[in-house]
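Shown next: run31.pdb, given as PDB, C-alpha atoms, pLDDT in the B column.
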```pdb
ATOM      1  CA  MET M  26     -68.944  -9.047  -7.610  1.00 56.00           C
ATOM      2  CA  LYS M  27     -69.928  -5.439  -7.099  1.00 52.00           C
ATOM      3  CA  ASN M  28     -67.857  -5.365  -3.925  1.00 57.00           C
ATOM      4  CA  LYS M  29     -64.810  -6.759  -5.745  1.00 56.00           C
ATOM      5  CA  VAL M  30     -65.121  -4.078  -8.425  1.00 47.00           C
ATOM      6  CA  LEU M  31     -65.474  -1.355  -5.799  1.00 48.00           C
ATOM      7  CA  MET M  32     -62.499  -2.751  -3.885  1.00 56.00           C
ATOM      8  CA  GLY M  33     -60.503  -2.808  -7.123  1.00 52.00           C
ATOM      9  CA  LEU M  34     -61.476   0.782  -7.944  1.00 49.00           C
ATOM     10  CA  ALA M  35     -60.623   1.885  -4.403  1.00 47.00           C
ATOM     11  CA  ALA M  36     -57.229   0.181  -4.678  1.00 49.00           C
ATOM     12  CA  ILE M  37     -56.549   1.899  -8.038  1.00 56.00           C
ATOM     13  CA  ALA M  38     -57.631   5.229  -6.586  1.00 46.00           C
ATOM     14  CA  MET M  39     -55.339   4.710  -3.583  1.00 47.00           C
ATOM     15  CA  VAL M  40     -52.355   3.807  -5.810  1.00 48.00           C
ATOM     16  CA  ALA M  41     -53.061   6.836  -8.002  1.00 46.00           C
ATOM     17  CA  PHE M  42     -53.241   9.047  -4.912  1.00 48.00           C
ATOM     18  CA  LEU M  43     -50.043   7.624  -3.450  1.00 47.00           C
ATOM     19  CA  SER M  44     -48.191   7.880  -6.749  1.00 47.00           C
ATOM     20  CA  SER M  45     -49.206  11.546  -7.033  1.00 46.00           C
ATOM     21  CA  CYS M  46     -47.761  12.032  -3.530  1.00 54.00           C
ATOM     22  CA  GLY M  47     -44.773  10.070  -4.683  1.00 69.00           C
ATOM     23  CA  LYS M  48     -43.486  12.450  -7.353  1.00 90.00           C
ATOM     24  CA  VAL M  49     -39.980  13.800  -6.799  1.00 92.00           C
ATOM     25  CA  PRO M  50     -40.311  17.535  -5.950  1.00 95.00           C
ATOM     26  CA  GLN M  51     -37.855  18.451  -8.717  1.00 95.00           C
ATOM     27  CA  ALA M  52     -38.967  22.096  -9.044  1.00 95.00           C
ATOM     28  CA  GLN M  53     -38.338  22.655  -5.313  1.00 96.00           C
ATOM     29  CA  ILE M  54     -34.991  20.851  -5.501  1.00 96.00           C
ATOM     30  CA  ASP M  55     -33.913  23.036  -8.441  1.00 96.00           C
ATOM     31  CA  ALA M  56     -35.044  26.234  -6.697  1.00 97.00           C
ATOM     32  CA  THR M  57     -33.196  25.322  -3.500  1.00 97.00           C
ATOM     33  CA  ASN M  58     -30.026  24.393  -5.412  1.00 97.00           C
ATOM     34  CA  ALA M  59     -30.235  27.730  -7.262  1.00 97.00           C
ATOM     35  CA  ALA M  60     -30.519  29.587  -3.927  1.00 97.00           C
ATOM     36  CA  ILE M  61     -27.492  27.687  -2.565  1.00 97.00           C
ATOM     37  CA  THR M  62     -25.508  28.588  -5.703  1.00 97.00           C
ATOM     38  CA  ALA M  63     -26.528  32.243  -5.238  1.00 97.00           C
ATOM     39  CA  ALA M  64     -25.294  32.107  -1.628  1.00 97.00           C
ATOM     40  CA  GLN M  65     -22.007  30.620  -2.861  1.00 97.00           C
ATOM     41  CA  THR M  66     -21.666  33.437  -5.413  1.00 96.00           C
ATOM     42  CA  ALA M  67     -22.262  35.909  -2.569  1.00 96.00           C
ATOM     43  CA  GLU M  68     -19.148  34.345  -0.924  1.00 96.00           C
ATOM     44  CA  ALA M  69     -21.138  32.870   1.973  1.00 97.00           C
ATOM     45  CA  ALA M  70     -18.402  30.247   2.415  1.00 97.00           C
ATOM     46  CA  VAL M  71     -15.945  33.088   3.153  1.00 96.00           C
ATOM     47  CA  TYR M  72     -18.066  35.504   5.189  1.00 97.00           C
ATOM     48  CA  VAL M  73     -20.579  33.230   6.975  1.00 97.00           C
ATOM     49  CA  PRO M  74     -18.950  29.765   6.672  1.00 97.00           C
ATOM     50  CA  ALA M  75     -20.866  28.063   9.504  1.00 97.00           C
ATOM     51  CA  GLU M  76     -24.247  29.202   8.150  1.00 97.00           C
ATOM     52  CA  PHE M  77     -23.350  28.147   4.607  1.00 97.00           C
ATOM     53  CA  ALA M  78     -22.135  24.732   5.789  1.00 97.00           C
ATOM     54  CA  ALA M  79     -25.460  24.255   7.644  1.00 97.00           C
ATOM     55  CA  VAL M  80     -27.403  24.933   4.415  1.00 97.00           C
ATOM     56  CA  GLN M  81     -25.228  22.495   2.450  1.00 97.00           C
ATOM     57  CA  ASP M  82     -25.614  19.808   5.148  1.00 97.00           C
ATOM     58  CA  SER M  83     -29.389  20.312   5.168  1.00 97.00           C
ATOM     59  CA  MET M  84     -29.556  19.891   1.387  1.00 97.00           C
ATOM     60  CA  LYS M  85     -27.386  16.750   1.497  1.00 97.00           C
ATOM     61  CA  ALA M  86     -29.720  15.217   4.107  1.00 96.00           C
ATOM     62  CA  ILE M  87     -32.804  16.103   2.011  1.00 96.00           C
ATOM     63  CA  MET M  88     -31.309  14.564  -1.138  1.00 95.00           C
ATOM     64  CA  ALA M  89     -30.343  11.400   0.778  1.00 95.00           C
ATOM     65  CA  ASN M  90     -33.963  11.153   1.948  1.00 94.00           C
ATOM     66  CA  VAL M  91     -35.277  11.728  -1.597  1.00 94.00           C
ATOM     67  CA  GLU M  92     -33.013   8.996  -2.966  1.00 92.00           C
ATOM     68  CA  ALA M  93     -34.166   6.606  -0.221  1.00 92.00           C
ATOM     69  CA  GLN M  94     -37.845   7.325  -1.031  1.00 92.00           C
ATOM     70  CA  LYS M  95     -37.274   6.731  -4.755  1.00 88.00           C
ATOM     71  CA  SER M  96     -36.514   3.069  -4.102  1.00 87.00           C
ATOM     72  CA  LYS M  97     -39.753   2.525  -2.157  1.00 89.00           C
ATOM     73  CA  LEU M  98     -43.039   1.283  -3.639  1.00 85.00           C
ATOM     74  CA  PHE M  99     -45.084   3.922  -1.840  1.00 87.00           C
ATOM     75  CA  LYS M 100     -42.986   7.068  -1.937  1.00 88.00           C
ATOM     76  CA  LYS M 101     -43.483   9.850   0.602  1.00 91.00           C
ATOM     77  CA  PHE M 102     -41.889  13.166  -0.399  1.00 92.00           C
ATOM     78  CA  GLY M 103     -44.011  15.297   1.964  1.00 93.00           C
ATOM     79  CA  PRO M 104     -41.338  15.661   4.688  1.00 93.00           C
ATOM     80  CA  ALA M 105     -38.684  16.429   2.024  1.00 94.00           C
ATOM     81  CA  LYS M 106     -40.922  19.167   0.536  1.00 95.00           C
ATOM     82  CA  ILE M 107     -41.300  20.840   3.945  1.00 95.00           C
ATOM     83  CA  LYS M 108     -37.538  20.670   4.517  1.00 96.00           C
ATOM     84  CA  LEU M 109     -36.852  22.002   1.004  1.00 96.00           C
ATOM     85  CA  ASP M 110     -39.006  25.064   1.716  1.00 96.00           C
ATOM     86  CA  ALA M 111     -37.117  25.685   4.951  1.00 97.00           C
ATOM     87  CA  THR M 112     -33.703  25.180   3.299  1.00 97.00           C
ATOM     88  CA  LEU M 113     -34.620  27.500   0.416  1.00 97.00           C
ATOM     89  CA  ALA M 114     -35.548  30.252   2.899  1.00 97.00           C
ATOM     90  CA  LEU M 115     -32.343  29.578   4.854  1.00 97.00           C
ATOM     91  CA  ALA M 116     -30.168  29.748   1.713  1.00 97.00           C
ATOM     92  CA  ASN M 117     -31.691  33.133   0.815  1.00 97.00           C
ATOM     93  CA  GLN M 118     -31.052  34.378   4.363  1.00 98.00           C
ATOM     94  CA  VAL M 119     -27.452  33.137   4.256  1.00 98.00           C
ATOM     95  CA  ALA M 120     -26.834  35.004   0.970  1.00 97.00           C
ATOM     96  CA  ALA M 121     -28.204  38.205   2.561  1.00 97.00           C
ATOM     97  CA  ASN M 122     -26.095  37.685   5.716  1.00 98.00           C
ATOM     98  CA  ALA M 123     -22.975  37.138   3.584  1.00 97.00           C
ATOM     99  CA  ALA M 124     -23.548  40.461   1.790  1.00 97.00           C
ATOM    100  CA  VAL M 125     -23.900  42.304   5.129  1.00 97.00           C
ATOM    101  CA  LYS M 126     -20.797  40.639   6.612  1.00 97.00           C
ATOM    102  CA  LYS M 127     -18.767  41.363   3.459  1.00 97.00           C
ATOM    103  CA  GLU M 128     -19.608  45.068   3.759  1.00 97.00           C
ATOM    104  CA  GLU M 129     -18.577  45.052   7.449  1.00 97.00           C
ATOM    105  CA  VAL M 130     -15.259  43.333   6.654  1.00 97.00           C
ATOM    106  CA  LYS M 131     -14.648  45.772   3.782  1.00 97.00           C
ATOM    107  CA  LYS M 132     -15.101  48.750   6.136  1.00 97.00           C
ATOM    108  CA  GLU M 133     -12.915  47.219   8.849  1.00 97.00           C
ATOM    109  CA  ALA M 134     -10.149  46.368   6.364  1.00 97.00           C
ATOM    110  CA  GLY M 135     -10.305  49.890   4.904  1.00 96.00           C
ATOM    111  CA  THR M 136      -9.999  51.478   8.364  1.00 96.00           C
ATOM    112  CA  LEU M 137      -7.101  49.201   9.366  1.00 96.00           C
ATOM    113  CA  LEU M 138      -5.247  49.963   6.123  1.00 96.00           C
ATOM    114  CA  THR M 139      -5.411  53.675   6.949  1.00 95.00           C
ATOM    115  CA  ASP M 140      -4.383  53.014  10.579  1.00 95.00           C
ATOM    116  CA  ILE M 141      -1.389  50.828   9.750  1.00 95.00           C
ATOM    117  CA  LYS M 142      -0.052  53.299   7.182  1.00 93.00           C
ATOM    118  CA  ALA M 143      -0.048  55.945   9.945  1.00 95.00           C
ATOM    119  CA  VAL M 144       1.791  53.543  12.330  1.00 95.00           C
ATOM    120  CA  ILE M 145       4.394  52.735   9.640  1.00 94.00           C
ATOM    121  CA  GLU M 146       4.965  56.453   9.058  1.00 94.00           C
ATOM    122  CA  GLU M 147       5.300  57.107  12.802  1.00 94.00           C
ATOM    123  CA  ASN M 148       7.729  54.187  13.160  1.00 93.00           C
ATOM    124  CA  GLY M 149       9.938  55.750  10.478  1.00 91.00           C
ATOM    125  CA  THR M 150      10.066  59.015  12.448  1.00 92.00           C
ATOM    126  CA  LEU M 151      10.680  57.227  15.769  1.00 91.00           C
ATOM    127  CA  MET M 152      13.578  55.228  14.312  1.00 88.00           C
ATOM    128  CA  LYS M 153      15.412  58.490  13.625  1.00 87.00           C
ATOM    129  CA  LYS M 154      15.014  59.464  17.300  1.00 85.00           C
ATOM    130  CA  ALA M 155      15.829  56.014  18.741  1.00 82.00           C
ATOM    131  CA  PRO M 156      19.096  55.454  20.679  1.00 81.00           C
ATOM    132  CA  LYS M 157      21.902  54.288  18.411  1.00 78.00           C
ATOM    133  CA  GLY M 158      24.417  52.789  20.817  1.00 72.00           C
ATOM    134  CA  LYS M 159      26.045  49.403  20.018  1.00 66.00           C
ATOM    135  CA  GLU M 160      23.007  47.376  21.054  1.00 70.00           C
ATOM    136  CA  GLY M 161      20.580  50.005  19.792  1.00 70.00           C
ATOM    137  CA  ALA M 162      22.027  49.969  16.280  1.00 79.00           C
ATOM    138  CA  ALA M 163      21.640  46.175  15.982  1.00 82.00           C
ATOM    139  CA  VAL M 164      18.055  46.294  17.302  1.00 83.00           C
ATOM    140  CA  LEU M 165      17.199  49.147  14.929  1.00 86.00           C
ATOM    141  CA  GLU M 166      18.569  47.157  12.013  1.00 88.00           C
ATOM    142  CA  GLN M 167      16.303  44.226  12.957  1.00 89.00           C
ATOM    143  CA  MET M 168      13.353  46.586  13.242  1.00 89.00           C
ATOM    144  CA  LYS M 169      14.065  48.087   9.823  1.00 91.00           C
ATOM    145  CA  THR M 170      14.128  44.602   8.289  1.00 93.00           C
ATOM    146  CA  GLU M 171      10.832  43.756   9.980  1.00 93.00           C
ATOM    147  CA  MET M 172       9.284  47.045   8.886  1.00 93.00           C
ATOM    148  CA  THR M 173      10.242  46.227   5.276  1.00 94.00           C
ATOM    149  CA  THR M 174       8.393  42.890   5.642  1.00 95.00           C
ATOM    150  CA  ILE M 175       5.393  44.667   7.206  1.00 95.00           C
ATOM    151  CA  GLU M 176       5.274  47.216   4.379  1.00 95.00           C
ATOM    152  CA  ALA M 177       5.327  44.368   1.838  1.00 96.00           C
ATOM    153  CA  SER M 178       2.422  42.702   3.706  1.00 95.00           C
ATOM    154  CA  VAL M 179       0.463  45.960   3.673  1.00 96.00           C
ATOM    155  CA  ALA M 180       1.066  46.352  -0.065  1.00 96.00           C
ATOM    156  CA  GLU M 181      -0.205  42.771  -0.557  1.00 96.00           C
ATOM    157  CA  ALA M 182      -3.237  43.490   1.634  1.00 96.00           C
ATOM    158  CA  GLN M 183      -3.977  46.619  -0.384  1.00 96.00           C
ATOM    159  CA  GLY M 184      -3.839  44.552  -3.572  1.00 96.00           C
ATOM    160  CA  LEU M 185      -6.250  41.978  -2.115  1.00 96.00           C
ATOM    161  CA  TYR M 186      -8.558  44.767  -0.942  1.00 96.00           C
ATOM    162  CA  ASP M 187      -8.538  46.418  -4.365  1.00 96.00           C
ATOM    163  CA  LYS M 188      -9.592  43.187  -6.077  1.00 96.00           C
ATOM    164  CA  GLY M 189     -12.394  42.566  -3.557  1.00 95.00           C
ATOM    165  CA  SER M 190     -10.796  39.843  -1.387  1.00 95.00           C
ATOM    166  CA  PHE M 191     -11.701  41.726   1.783  1.00 96.00           C
ATOM    167  CA  MET M 192     -11.447  38.822   4.255  1.00 96.00           C
ATOM    168  CA  ASP M 193      -7.944  37.850   3.054  1.00 95.00           C
ATOM    169  CA  ALA M 194      -6.927  41.525   3.148  1.00 96.00           C
ATOM    170  CA  LEU M 195      -8.285  41.924   6.688  1.00 96.00           C
ATOM    171  CA  ASN M 196      -6.421  38.860   8.013  1.00 95.00           C
ATOM    172  CA  LYS M 197      -3.161  40.071   6.459  1.00 95.00           C
ATOM    173  CA  ILE M 198      -3.572  43.636   7.789  1.00 95.00           C
ATOM    174  CA  LYS M 199      -4.403  42.451  11.320  1.00 95.00           C
ATOM    175  CA  ALA M 200      -1.198  40.397  11.513  1.00 93.00           C
ATOM    176  CA  ALA M 201       0.897  43.235  10.046  1.00 94.00           C
ATOM    177  CA  LYS M 202      -0.658  45.856  12.333  1.00 94.00           C
ATOM    178  CA  GLU M 203       0.058  43.767  15.423  1.00 94.00           C
ATOM    179  CA  ARG M 204       3.751  43.608  14.486  1.00 94.00           C
ATOM    180  CA  ALA M 205       3.913  47.291  13.514  1.00 95.00           C
ATOM    181  CA  VAL M 206       2.303  48.371  16.808  1.00 95.00           C
ATOM    182  CA  GLY M 207       4.735  46.113  18.705  1.00 93.00           C
ATOM    183  CA  ILE M 208       7.699  47.893  17.064  1.00 93.00           C
ATOM    184  CA  ASN M 209       6.046  51.263  17.749  1.00 94.00           C
ATOM    185  CA  THR M 210       5.791  50.430  21.477  1.00 93.00           C
ATOM    186  CA  GLU M 211       9.424  49.220  21.619  1.00 90.00           C
ATOM    187  CA  LEU M 212      10.683  52.399  19.946  1.00 90.00           C
ATOM    188  CA  LYS M 213       8.675  54.674  22.263  1.00 91.00           C
ATOM    189  CA  ASP M 214       9.934  52.771  25.332  1.00 89.00           C
ATOM    190  CA  ALA M 215      13.567  53.011  24.171  1.00 84.00           C
ATOM    191  CA  ILE M 216      13.246  56.767  23.506  1.00 85.00           C
ATOM    192  CA  ALA M 217      11.525  57.318  26.868  1.00 86.00           C
ATOM    193  CA  LYS M 218      14.358  55.457  28.686  1.00 83.00           C
ATOM    194  CA  VAL M 219      16.997  57.651  27.032  1.00 75.00           C
ATOM    195  CA  LYS M 220      15.065  60.811  27.897  1.00 73.00           C
ATOM    196  CA  GLY M 221      14.621  59.562  31.485  1.00 65.00           C
ATOM    197  CA  GLY M 222      18.360  58.903  31.751  1.00 56.00           C
ATOM    198  CA  LYS M 223      19.228  62.403  30.506  1.00 54.00           C
ATOM    199  CA  LYS M 224      16.977  64.018  33.097  1.00 48.00           C
ATOM    200  CA  LYS M 225      18.958  62.289  35.868  1.00 42.00           C
TER     201      LYS M 225
END
```

Translate this structure into C-alpha cells?
Amino acid sequence: MKNKVLMGLAAIAMVAFLSSCGKVPQAQIDATNAAITAAQTAEAAVYVPAEFAAVQDSMKAIMANVEAQKSKLFKKFGPAKIKLDATLALANQVAANAAVKKEEVKKEAGTLLTDIKAVIEENGTLMKKAPKGKEGAAVLEQMKTEMTTIEASVAEAQGLYDKGSFMDALNKIKAAKERAVGINTELKDAIAKVKGGKKK
C-alpha cells in the first residue's frame, strides 16, 4: 500500500515537473517578435535582406515546433527556448547591421549624386564643342534627349534621397550615371577625332 502511494506521489511529481517544462515560453516569443519588428523598422528587409529573411525563417521554424509541442501530452519547449534566445540575439544584430548598411548606402548615394551632376554639367559643355555635321547633328539630338531623361532620373533620385529612401535613390543614380558617363565618353571621342583630323 505504502509503495502504491509512493508510486502515485512520484507519478504526480513527474507530471507536475513535466507540465512545468511544458509551458509555452510566451515571454521569449514576445521578446523575439518585438526584436524582429524592430529590425523591420530599421529597414533590414531593404539593407540586409538575406540576414532578415534568415531571422524570419528561424522564427517560423520555432513557432512550428512550439505548435507541434502544444498538441503533445508531455510538452518539451527546452529546444525552442534555446533557439528563441539565439534568434532574439540574431534579430538585434540584424537591426544593428541594417543601420550600418543604411549609413553606407546614404554616403554612397550622396557621393554619386554629386558626381553625376558634375558629369551632366560637363556633357552640356562638350555638346557645344561636338562636331555638328549631318550625322553629328542627329547623334547630338539623340544625346540631348537621353540627357533630358537622365536629368529627370537624377531629380527623382534626389527626391528619394531627401525622403530617406537611400537604396532606391542609389539604384536610380547608378543606372543614370552609367548612361551619363557613356555619353561623356562618346562626346570626348567625337571631339578627339575632329581635332585629330584637323592636325592632319

Counting all atoms listed in the file, which residues come within 12 Å of (0.9, 41.5, 11.8), with the point read in the file's coordinates, and could you list them as a compact mmCIF listing (two decimals) with C-alpha atoms, in the coordinates of the input?
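To be explicit, this is the file written out as point.txt:
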```
# COMPACT_ATOMS: atom_id res chain seq x y z
CA LEU M 137 -7.10 49.20 9.37
CA LEU M 138 -5.25 49.96 6.12
CA ILE M 141 -1.39 50.83 9.75
CA ILE M 145 4.39 52.74 9.64
CA GLU M 171 10.83 43.76 9.98
CA MET M 172 9.28 47.04 8.89
CA THR M 174 8.39 42.89 5.64
CA ILE M 175 5.39 44.67 7.21
CA GLU M 176 5.27 47.22 4.38
CA ALA M 177 5.33 44.37 1.84
CA SER M 178 2.42 42.70 3.71
CA VAL M 179 0.46 45.96 3.67
CA ALA M 182 -3.24 43.49 1.63
CA ALA M 194 -6.93 41.52 3.15
CA LEU M 195 -8.28 41.92 6.69
CA ASN M 196 -6.42 38.86 8.01
CA LYS M 197 -3.16 40.07 6.46
CA ILE M 198 -3.57 43.64 7.79
CA LYS M 199 -4.40 42.45 11.32
CA ALA M 200 -1.20 40.40 11.51
CA ALA M 201 0.90 43.24 10.05
CA LYS M 202 -0.66 45.86 12.33
CA GLU M 203 0.06 43.77 15.42
CA ARG M 204 3.75 43.61 14.49
CA ALA M 205 3.91 47.29 13.51
CA VAL M 206 2.30 48.37 16.81
CA GLY M 207 4.74 46.11 18.70
CA ILE M 208 7.70 47.89 17.06
```

Exercise for the section: Go ahead and compute the interatomic distance for atom CA of M:Ala114 and atom CA of M:Ala56, in Å to one decimal. Expected result: 10.4 Å

Problem - Separation of atom CA of M:Pro74 from atom CA of M:Gly184, in Å and rounded to one decimal - result: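 Answer for the atom CA of M:Pro74 to atom CA of M:Gly184 separation: 23.5 Å.
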
Exercise for the section: Take atom CA of M:Ala111 and atom CA of M:Gln81 and report the distance between them in Å, one decimal. Expected result: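 Straight-line distance from atom CA of M:Ala111 to atom CA of M:Gln81 works out to 12.6 Å.
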
Practice task
May I ask which of the residues M:Asn122, M:Ala180, M:Leu151, M:Gln167 is the closest one to M:Ala64, counting only C-alpha atoms?
Solution key: M:Asn122

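Among M:Met84, M:Ala63, M:Val49, M:Met168, the residue with the shortest atom-to-atom distance to M:Asn117, counting all atoms listed in the file, is M:Ala63.
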
Practice task
Convert the output of the PyMOL selection byres ((chain M and resi 57-62) around 10) on the shown file into explicit residues, formatted as a PyMOL selection string.
Solution key: chain M and resi 51-56+63-69+77+80-81+84+109-120

Practice task
Could you check which of M:Val125, M:Ala93, M:Val164, M:Ala86 is closest to M:Val73, using only C-alpha atoms?
Solution key: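 Looking at the shortest contact to M:Val73, the residue is M:Val125.
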
Handout entry: Given only C-alpha atoms as the counted atoms, nearest of M:Ala134, M:Lys48, M:Ile216, M:Val91 to M:Pro156
Key = M:Ile216

Handout entry: Counting all atoms listed in the file, the option among M:Asn90, M:Val219, M:Phe191, M:Asn209 closest to M:Glu133
Key =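 Result for the nearest residue to M:Glu133: M:Phe191.
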
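Checking M:Glu128, M:Asp140, M:Glu211, M:Glu92 one by one against M:Tyr72, counting only C-alpha atoms, you find the shortest gap at M:Glu128.
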